[in-house]
$ cat model14.cif   # mmCIF, C-alpha atoms and all ligand atoms
data_data
loop_
_atom_site.label_atom_id
_atom_site.label_comp_id
_atom_site.auth_asym_id
_atom_site.auth_seq_id
_atom_site.Cartn_x
_atom_site.Cartn_y
_atom_site.Cartn_z
CA MET A 1 32.56 28.63 2.61
CA GLY A 2 30.06 26.01 1.42
CA TYR A 3 30.33 22.38 2.43
CA THR A 4 30.21 19.81 -0.34
CA LEU A 5 28.90 16.41 0.55
CA ASP A 6 30.70 13.51 -1.09
CA TRP A 7 27.77 11.17 -1.81
CA ASP A 8 30.02 8.38 -3.07
CA GLU A 9 31.76 8.35 0.28
CA ALA A 10 28.48 8.76 2.21
CA ALA A 11 26.74 5.92 0.34
CA GLY A 12 28.81 3.19 2.02
CA ARG A 13 28.26 4.63 5.50
CA LEU A 14 24.52 5.04 4.91
CA ALA A 15 24.26 1.47 3.62
CA SER A 16 26.05 -0.04 6.61
CA ALA A 17 24.05 2.12 9.05
CA ALA A 18 20.86 0.83 7.44
CA VAL A 19 21.97 -2.76 8.07
CA ASP A 20 23.40 -2.15 11.56
CA ASP A 21 20.33 -0.20 12.70
CA ALA A 22 17.74 -2.32 10.92
CA GLU A 23 16.16 -3.50 14.18
CA TRP A 24 15.85 0.03 15.48
CA TYR A 25 14.28 1.22 12.24
CA ALA A 26 11.85 -1.71 12.30
CA ALA A 27 10.79 -0.93 15.88
CA VAL A 28 10.23 2.75 15.08
CA ALA A 29 8.35 1.87 11.91
CA ALA A 30 6.20 -0.69 13.73
CA GLY A 31 5.20 1.88 16.34
CA ARG A 32 4.32 4.48 13.73
CA LEU A 33 2.36 2.00 11.65
CA ALA A 34 0.43 0.82 14.69
CA SER A 35 -0.61 4.32 15.72
CA ALA A 36 -1.54 5.20 12.13
CA ALA A 37 -3.76 2.10 12.06
CA VAL A 38 -5.69 3.42 15.04
CA ASP A 39 -5.74 7.08 13.95
CA ASP A 40 -6.99 6.19 10.47
CA ALA A 41 -9.54 3.58 11.58
CA GLU A 42 -12.46 5.48 10.07
CA TRP A 43 -10.85 5.58 6.65
CA TYR A 44 -10.08 1.85 6.73
CA ALA A 45 -13.65 1.09 7.81
CA ALA A 46 -15.09 3.11 4.92
CA VAL A 47 -12.87 1.34 2.39
CA ALA A 48 -13.65 -2.09 3.85
CA ALA A 49 -17.38 -1.36 3.70
CA GLU A 50 -16.96 -0.52 0.02
CA LEU A 51 -14.91 -3.60 -0.83
CA VAL A 52 -16.25 -6.55 1.09
CA ARG A 53 -19.13 -8.53 -0.39
CA ASP A 54 -21.50 -10.42 1.90
CA THR A 55 -20.31 -13.74 0.45
CA ASP A 56 -16.61 -13.08 1.15
CA ARG A 57 -15.11 -15.49 3.67
CA VAL A 58 -11.34 -15.07 3.38
CA ALA A 59 -9.39 -11.82 3.11
CA ILE A 60 -5.69 -11.02 3.23
CA ASP A 61 -4.06 -7.71 4.14
CA VAL A 62 -0.67 -7.93 2.40
CA GLY A 63 2.05 -5.67 3.81
CA CYS A 64 -0.34 -5.08 6.68
CA GLY A 65 1.74 -2.58 8.64
CA GLY A 66 -0.18 -1.65 11.79
CA ALA A 67 -3.15 -3.79 10.68
CA GLY A 68 -5.59 -0.90 10.26
CA MET A 69 -7.21 -2.67 7.32
CA THR A 70 -6.98 -6.08 9.00
CA VAL A 71 -9.11 -4.73 11.84
CA ALA A 72 -11.55 -3.07 9.44
CA LEU A 73 -11.89 -6.28 7.37
CA ALA A 74 -12.37 -8.45 10.45
CA ARG A 75 -15.07 -6.12 11.76
CA ARG A 76 -16.84 -5.94 8.41
CA MET A 77 -16.63 -9.68 7.67
CA GLY A 78 -17.51 -10.91 11.16
CA PRO A 79 -16.07 -13.58 13.46
CA ASP A 80 -16.67 -16.51 11.07
CA ALA A 81 -14.41 -15.05 8.40
CA THR A 82 -10.67 -15.65 8.06
CA VAL A 83 -8.62 -12.48 7.88
CA VAL A 84 -4.88 -12.84 7.44
CA ALA A 85 -2.43 -10.04 8.16
CA ALA A 86 0.78 -10.66 6.20
CA ASP A 87 4.07 -8.81 6.33
CA HIS A 88 7.75 -9.63 5.95
CA ASN A 89 8.72 -7.81 9.11
CA ARG A 90 8.25 -9.65 12.42
CA ALA A 91 8.37 -6.46 14.53
CA VAL A 92 5.62 -5.01 12.34
CA LEU A 93 3.58 -8.20 12.72
CA ASP A 94 3.99 -8.09 16.52
CA ALA A 95 2.66 -4.52 16.53
CA ALA A 96 -0.16 -5.60 14.19
CA ARG A 97 -1.10 -8.42 16.56
CA ALA A 98 -1.26 -5.96 19.48
CA VAL A 99 -3.52 -3.67 17.43
CA THR A 100 -5.95 -6.48 16.53
CA GLU A 101 -6.02 -7.71 20.13
CA ALA A 102 -6.75 -4.22 21.42
CA ALA A 103 -9.50 -3.91 18.82
CA GLY A 104 -10.98 -7.23 19.96
CA VAL A 105 -10.95 -8.86 16.51
CA ARG A 106 -9.65 -12.25 15.42
CA ALA A 107 -6.94 -12.40 12.77
CA GLU A 108 -4.23 -14.74 11.59
CA PHE A 109 -0.67 -13.61 10.96
CA ALA A 110 1.78 -14.72 8.28
CA VAL A 111 5.39 -13.81 7.63
CA VAL A 112 5.68 -13.46 3.87
CA ASP A 113 7.98 -11.58 1.57
CA LEU A 114 6.35 -10.10 -1.51
CA ASP A 115 9.47 -11.06 -3.45
CA GLY A 116 9.56 -14.56 -2.01
CA ASP A 117 7.28 -17.46 -1.33
CA LEU A 118 3.59 -16.59 -0.85
CA SER A 119 2.50 -20.19 -0.33
CA ALA A 120 1.81 -19.53 3.38
CA LEU A 121 -1.19 -17.48 2.26
CA PRO A 122 -4.60 -19.04 1.64
CA GLU A 123 -6.80 -18.60 -1.40
CA ALA A 124 -8.87 -15.51 -0.79
CA ASP A 125 -12.00 -13.70 -1.86
CA LEU A 126 -10.30 -10.37 -1.24
CA VAL A 127 -6.63 -9.47 -1.31
CA TRP A 128 -5.91 -5.96 -0.09
CA SER A 129 -2.54 -4.32 -0.28
CA SER A 130 -1.86 -0.73 0.61
CA ALA A 131 1.43 1.09 0.12
CA ALA A 132 3.34 -2.19 0.04
CA VAL A 133 3.61 -3.41 -3.57
CA HIS A 134 5.89 -0.51 -4.47
CA HIS A 135 8.45 -2.02 -2.06
CA ALA A 136 8.67 -5.19 -4.17
CA GLY A 137 11.63 -5.72 -6.43
CA ASP A 138 9.43 -6.80 -9.32
CA GLN A 139 6.08 -5.11 -8.91
CA GLN A 140 4.50 -6.66 -12.01
CA ARG A 141 5.39 -10.18 -10.87
CA THR A 142 4.17 -9.40 -7.35
CA ILE A 143 0.79 -8.31 -8.64
CA GLU A 144 0.55 -11.48 -10.74
CA ARG A 145 1.23 -13.58 -7.64
CA LEU A 146 -1.35 -11.66 -5.61
CA VAL A 147 -3.92 -12.20 -8.37
CA ALA A 148 -3.03 -15.93 -8.31
CA LEU A 149 -4.21 -16.05 -4.67
CA LEU A 150 -7.74 -15.07 -5.65
CA ARG A 151 -10.62 -17.47 -5.64
CA PRO A 152 -12.77 -17.35 -8.79
CA GLY A 153 -14.55 -14.00 -8.80
CA GLY A 154 -12.22 -12.64 -6.11
CA THR A 155 -10.96 -9.10 -5.88
CA LEU A 156 -7.49 -7.64 -5.66
CA ALA A 157 -7.61 -4.11 -4.29
CA LEU A 158 -4.40 -2.19 -4.51
CA ALA A 159 -3.95 1.20 -2.89
CA GLU A 160 -0.86 3.00 -4.00
CA GLY A 161 0.25 6.55 -4.42
CA GLY A 162 0.37 8.38 -7.65
CA PHE A 163 -1.20 11.77 -7.29
CA ARG A 164 0.77 14.90 -6.77
CA PRO A 165 0.69 16.85 -3.56
CA ARG A 166 -1.54 19.89 -3.71
CA HIS A 167 -0.16 23.06 -2.19
CA LEU A 168 -2.50 25.81 -3.37
CA PRO A 169 -6.12 26.37 -2.45
CA TRP A 170 -8.60 25.55 -5.22
CA ASP A 171 -9.57 29.22 -5.49
CA LEU A 172 -6.70 31.62 -4.96
CA GLY A 173 -9.03 34.58 -5.26
CA VAL A 174 -7.17 35.70 -8.37
CA GLY A 175 -8.02 34.49 -11.87
CA GLU A 176 -9.88 31.27 -12.57
CA PRO A 177 -9.92 28.63 -9.78
CA GLY A 178 -7.90 25.43 -10.30
CA LEU A 179 -4.52 26.96 -11.17
CA GLU A 180 -2.49 24.10 -9.72
CA ILE A 181 -4.38 21.48 -11.70
CA ARG A 182 -3.83 23.45 -14.90
CA LEU A 183 -0.12 23.68 -14.13
CA ASP A 184 0.02 19.89 -13.60
CA ALA A 185 -1.89 19.32 -16.84
CA ALA A 186 0.53 21.52 -18.73
CA GLN A 187 3.47 19.61 -17.28
CA ASP A 188 1.91 16.21 -18.01
CA ARG A 189 1.01 16.95 -21.62
CA GLY A 190 1.77 13.94 -23.76
CA ARG A 191 1.92 11.47 -20.87
CA PRO A 192 -0.77 8.90 -20.01
CA ALA A 193 -3.61 10.25 -17.93
CA ASP A 194 -3.26 7.75 -15.12
CA VAL A 195 0.46 7.72 -14.47
CA GLY A 196 0.81 6.30 -11.02
CA ALA A 197 3.13 3.38 -10.40
CA VAL A 198 6.22 4.02 -8.41
CA ALA A 199 9.31 4.35 -10.51
CA ARG A 200 12.08 2.02 -9.43
CA PRO A 201 15.09 2.86 -11.53
CA GLY A 202 17.30 -0.15 -12.06
CA ARG A 203 14.68 -2.59 -10.84
CA PRO A 204 12.70 -4.94 -13.03
CA GLY A 205 9.09 -4.21 -13.63
CA LEU A 206 7.28 -1.01 -13.88
CA ALA A 207 9.55 2.02 -13.79
CA GLY A 208 6.79 4.59 -13.66
CA ALA A 209 4.12 2.67 -15.57
CA PRO A 210 0.49 3.40 -14.75
CA TRP A 211 -1.01 0.95 -12.26
CA ARG A 212 -4.13 0.20 -14.26
CA PRO A 213 -2.53 -1.46 -17.31
CA VAL A 214 -0.18 -3.28 -14.95
CA LEU A 215 -3.16 -4.77 -13.15
CA ALA A 216 -4.93 -5.55 -16.40
CA ARG A 217 -1.85 -7.40 -17.67
CA SER A 218 -1.68 -9.45 -14.50
CA SER A 219 -5.29 -10.44 -14.24
CA GLN A 220 -6.59 -10.41 -17.79
CA CYS A 221 -9.78 -8.84 -16.57
CA ALA A 222 -11.41 -5.48 -16.20
CA THR A 223 -10.09 -3.02 -13.68
CA ARG A 224 -11.80 -0.25 -11.86
CA GLN A 225 -10.00 2.75 -10.56
CA ALA A 226 -11.17 5.23 -8.01
CA GLU A 227 -9.56 8.16 -6.32
CA LYS A 228 -9.55 8.10 -2.57
CA GLU A 229 -8.37 10.60 -0.06
CA VAL A 230 -5.77 8.90 2.08
CA PRO A 231 -4.97 10.07 5.60
CA LEU A 232 -1.64 11.77 6.03
CA THR A 233 -0.53 10.28 9.31
CA LEU A 234 1.30 7.35 7.77
CA ILE A 235 2.46 8.12 4.29
CA SER A 236 3.02 11.59 3.01
CA LEU A 237 0.80 11.07 0.01
CA PRO A 238 -2.13 13.37 -0.52
CA GLY A 239 -4.08 10.96 -2.63
CA CYS A 240 -4.22 7.36 -3.46
CA LYS A 241 -5.17 5.18 -6.36
CA PHE A 242 -7.51 2.49 -5.38
CA VAL A 243 -7.74 -0.16 -8.01
CA CYS A 244 -9.84 -3.33 -8.06
CA THR A 245 -9.79 -6.30 -10.36
CA PRO A 246 -13.19 -7.95 -10.14
C1 LIG B 301 4.13 1.92 4.08
S1 LIG B 301 3.76 0.48 5.00
C2 LIG B 301 2.02 0.30 4.66
C3 LIG B 301 1.31 -0.40 5.78
C4 LIG B 301 -0.18 -0.60 5.60
N1 LIG B 301 -0.49 -1.46 4.48
C5 LIG B 301 -0.89 0.72 5.47
O1 LIG B 301 -1.27 1.13 4.37
O2 LIG B 301 -1.06 1.37 6.51
C6 LIG B 301 4.50 -0.79 4.02
C7 LIG B 301 4.36 -2.17 4.65
O3 LIG B 301 4.81 -3.13 3.71
C8 LIG B 301 5.68 -4.04 4.36
N2 LIG B 301 6.62 -4.54 3.36
C9 LIG B 301 7.61 -3.87 2.75
N3 LIG B 301 8.27 -4.66 1.90
C10 LIG B 301 7.68 -5.88 1.98
C11 LIG B 301 7.93 -7.14 1.37
N4 LIG B 301 8.92 -7.30 0.49
N5 LIG B 301 7.14 -8.18 1.68
C12 LIG B 301 6.13 -8.03 2.58
N6 LIG B 301 5.85 -6.87 3.20
C13 LIG B 301 6.62 -5.81 2.91
C14 LIG B 301 6.35 -3.20 5.45
O4 LIG B 301 6.89 -4.02 6.49
C15 LIG B 301 5.20 -2.33 5.90
O5 LIG B 301 4.45 -2.97 6.89
#
$ encode --input "model14.cif" --output "structure tokens"
Amino acid sequence: MGYTLDWDEAAGRLASAAVDDAEWYAAVAAGRLASAAVDDAEWYAAVAAELVRDTDRVAIDVGCGGAGMTVALARRMGPDATVVAADHNRAVLDAARAVTEAAGVRAEFAVVDLDGDLSALPEADLVWSSAAVHHAGDQQRTIERLVALLRPGGTLALAEGGFRPRHLPWDLGVGEPGLEIRLDAAQDRGRPADVGAVARPGRPGLAGAPWRPVLARSSQCATRQAEKEVPLTLISLPGCKFVCTP
């Protein structure tokens, strides 16, 4: 006989477990984020090399997790620069501090909530945020507030998911190569080409809107979008949208 799960009944238990065990979850997450920061160091370094301009003096890594990008920014910008690692979770920030110390770089740390007050953060030449904005209650508003941190000519670089996982090899050895892409294209017909933002049913903001227009709305300036392979150790996303507002 099959077992039927009563989700209405389970919802209350899951919600209270999430609250009761929040510290445990935070500790586990902090450990995972910290090891991903080290494992993916090469990727962060390549992205930092692409983003940082020689004149940049202040950078912020918002929703820093294990501080992989904080370390990469600090290395790229040098000891005279100010690099701030910001996160709302103190356990995550403790792990981030340990990662930066082990890497031998100088960084500052700030407890900030993307949905709350960002005034603890300085004006910056570069604001980087990876896989964090989608956690915000109002993603559009969050992006506007991140843009507001920028110095004139500054850059907001947002890395978020949006591409589908790929399961098949490019060439199956049967028929024309690229079957999976053609299947995706068939499924997406009639939708915008750069669908990407994380849908948050019932939350204000984007509900599945593409990231690029969202950024353009927030910053009133041109956006650039590039595809980047993202390592799989941390987030189970095969690809990443990497969007800058110069
Ligand atoms: C998936 S991790 C990404 C970590 C890191 N940026 C990376 O790409 O490796 C999401 C991070 O965002 C942080 N975060 C989630 N919600 C947040 C909020 N409302 N305000 C600030 N940080 C938040 C989490 O604590 C976590 O460190």
$ atom_distance --input "model14.cif" --atom1 "CA of Val105 (chain A)" --atom2 "CA of Asp61 (chain A)"
14.2 Å
$ residues_near_ligand --input "model14.cif" --ligand "ligand LIG 301 (chain B)" --cutoff "6 Å" --atoms "all atoms listed in the file" --output "list of chain:residue names"
A:Gly63, A:Cys64, A:Gly65, A:Asp87, A:His88, A:Asn89, A:Val92, A:Val112, A:Asp113, A:Leu114, A:Asp115, A:Ser129, A:Ser130, A:Ala131, A:Ala132, A:His135, A:Ala136
$ atom_distance --input "model14.cif" --atom1 "CA of Ala36 (chain A)" --atom2 "CA of Gly68 (chain A)"
7.6 Å
$ closest_residue --input "model14.cif" --among "A:Ile181, A:Leu73, A:Ala96, A:Leu146" --to "Ser119 (chain A)" --atoms "only C-alpha atoms"
A:Leu146
$ closest_residue --input "model14.cif" --among "A:Tyr44, A:Gly116, A:Leu93, A:Asp8" --to "Arg141 (chain A)" --atoms "only C-alpha atoms"
A:Gly116
$ closest_residue --input "model14.cif" --among "A:Leu118, A:Leu149, A:Val133, A:Val127" --to "Met69 (chain A)" --atoms "all atoms listed in the file"
A:Val127
$ closest_residue --input "model14.cif" --among "A:Leu179, A:Ala45, A:Ala91, A:Leu126" --to "Leu156 (chain A)" --atoms "all atoms listed in the file"
A:Leu126
$ closest_residue --input "model14.cif" --among "A:Ala72, A:Leu14, A:Ile143, A:Ala124" --to "Trp43 (chain A)" --atoms "only C-alpha atoms"
A:Ala72
$ residues_around --input "model14.cif" --residues "Pro169 (chain A)" --least-positions-apart "3" --cutoff "9 Å" --atoms "only C-alpha atoms" --output "count of residues only"
6
$ closest_residue --input "model14.cif" --among "A:Ala59, A:Ala157, A:Leu168, A:Ala67" --to "Leu33 (chain A)" --atoms "all atoms listed in the file"
A:Ala67
$ atom_distance --input "model14.cif" --atom1 "CA of Val99 (chain A)" --atom2 "CA of Asp39 (chain A)"
11.5 Å
$ residues_near_point --input "model14.cif" --point "(-22.3, -15.6, 0.6)" --cutoff "12 Å" --atoms "all atoms listed in the file" --output "PyMOL selection string"
chain A and resi 52-58+77+80-81+125
$ build_atoms --input "model14.cif" --residues "region 110-130 of chain A" --atoms "N, CA and C atoms" --output "PDB file, keeping the file's coordinate frame"
ATOM      1  N   ALA A 110       0.865 -13.926   9.112  1.00  0.00           N
ATOM      2  CA  ALA A 110       1.780 -14.720   8.280  1.00  0.00           C
ATOM      3  C   ALA A 110       2.989 -13.871   7.908  1.00  0.00           C
ATOM      4  N   VAL A 111       4.171 -14.485   8.070  1.00  0.00           N
ATOM      5  CA  VAL A 111       5.390 -13.810   7.630  1.00  0.00           C
ATOM      6  C   VAL A 111       5.588 -14.175   6.159  1.00  0.00           C
ATOM      7  N   VAL A 112       5.435 -13.192   5.298  1.00  0.00           N
ATOM      8  CA  VAL A 112       5.680 -13.460   3.870  1.00  0.00           C
ATOM      9  C   VAL A 112       6.417 -12.286   3.249  1.00  0.00           C
ATOM     10  N   ASP A 113       7.247 -12.610   2.301  1.00  0.00           N
ATOM     11  CA  ASP A 113       7.980 -11.580   1.570  1.00  0.00           C
ATOM     12  C   ASP A 113       7.369 -11.485   0.174  1.00  0.00           C
ATOM     13  N   LEU A 114       6.970 -10.286  -0.196  1.00  0.00           N
ATOM     14  CA  LEU A 114       6.350 -10.100  -1.510  1.00  0.00           C
ATOM     15  C   LEU A 114       7.235 -10.609  -2.648  1.00  0.00           C
ATOM     16  N   ASP A 115       8.541 -10.583  -2.419  1.00  0.00           N
ATOM     17  CA  ASP A 115       9.470 -11.060  -3.450  1.00  0.00           C
ATOM     18  C   ASP A 115       9.786 -12.540  -3.296  1.00  0.00           C
ATOM     19  N   GLY A 116       9.203 -13.165  -2.269  1.00  0.00           N
ATOM     20  CA  GLY A 116       9.560 -14.560  -2.010  1.00  0.00           C
ATOM     21  C   GLY A 116       8.369 -15.478  -2.184  1.00  0.00           C
ATOM     22  N   ASP A 117       8.274 -16.406  -1.248  1.00  0.00           N
ATOM     23  CA  ASP A 117       7.280 -17.460  -1.330  1.00  0.00           C
ATOM     24  C   ASP A 117       5.968 -17.001  -0.682  1.00  0.00           C
ATOM     25  N   LEU A 118       4.874 -17.010  -1.420  1.00  0.00           N
ATOM     26  CA  LEU A 118       3.590 -16.590  -0.850  1.00  0.00           C
ATOM     27  C   LEU A 118       2.720 -17.792  -0.483  1.00  0.00           C
ATOM     28  N   SER A 119       3.332 -19.000  -0.486  1.00  0.00           N
ATOM     29  CA  SER A 119       2.500 -20.190  -0.330  1.00  0.00           C
ATOM     30  C   SER A 119       1.917 -20.313   1.081  1.00  0.00           C
ATOM     31  N   ALA A 120       2.411 -19.495   2.034  1.00  0.00           N
ATOM     32  CA  ALA A 120       1.810 -19.530   3.380  1.00  0.00           C
ATOM     33  C   ALA A 120       0.427 -18.867   3.381  1.00  0.00           C
ATOM     34  N   LEU A 121       0.095 -18.195   2.289  1.00  0.00           N
ATOM     35  CA  LEU A 121      -1.190 -17.480   2.260  1.00  0.00           C
ATOM     36  C   LEU A 121      -2.281 -18.356   1.645  1.00  0.00           C
ATOM     37  N   PRO A 122      -3.504 -18.230   2.173  1.00  0.00           N
ATOM     38  CA  PRO A 122      -4.600 -19.040   1.640  1.00  0.00           C
ATOM     39  C   PRO A 122      -5.166 -18.434   0.354  1.00  0.00           C
ATOM     40  N   GLU A 123      -5.992 -19.192  -0.329  1.00  0.00           N
ATOM     41  CA  GLU A 123      -6.800 -18.600  -1.400  1.00  0.00           C
ATOM     42  C   GLU A 123      -7.768 -17.623  -0.765  1.00  0.00           C
ATOM     43  N   ALA A 124      -8.065 -16.542  -1.451  1.00  0.00           N
ATOM     44  CA  ALA A 124      -8.870 -15.510  -0.790  1.00  0.00           C
ATOM     45  C   ALA A 124      -9.917 -14.919  -1.724  1.00  0.00           C
ATOM     46  N   ASP A 125     -10.984 -14.436  -1.099  1.00  0.00           N
ATOM     47  CA  ASP A 125     -12.000 -13.700  -1.860  1.00  0.00           C
ATOM     48  C   ASP A 125     -11.550 -12.269  -2.088  1.00  0.00           C
ATOM     49  N   LEU A 126     -10.757 -11.763  -1.145  1.00  0.00           N
ATOM     50  CA  LEU A 126     -10.300 -10.370  -1.240  1.00  0.00           C
ATOM     51  C   LEU A 126      -8.842 -10.294  -0.810  1.00  0.00           C
ATOM     52  N   VAL A 127      -8.024  -9.752  -1.680  1.00  0.00           N
ATOM     53  CA  VAL A 127      -6.630  -9.470  -1.310  1.00  0.00           C
ATOM     54  C   VAL A 127      -6.477  -7.953  -1.349  1.00  0.00           C
ATOM     55  N   TRP A 128      -6.101  -7.411  -0.209  1.00  0.00           N
ATOM     56  CA  TRP A 128      -5.910  -5.960  -0.090  1.00  0.00           C
ATOM     57  C   TRP A 128      -4.434  -5.686   0.126  1.00  0.00           C
ATOM     58  N   SER A 129      -3.915  -4.707  -0.565  1.00  0.00           N
ATOM     59  CA  SER A 129      -2.540  -4.320  -0.280  1.00  0.00           C
ATOM     60  C   SER A 129      -2.395  -2.817  -0.443  1.00  0.00           C
ATOM     61  N   SER A 130      -1.958  -2.180   0.618  1.00  0.00           N
ATOM     62  CA  SER A 130      -1.860  -0.730   0.610  1.00  0.00           C
ATOM     63  C   SER A 130      -0.428  -0.292   0.858  1.00  0.00           C
TER      64      SER A 130
END
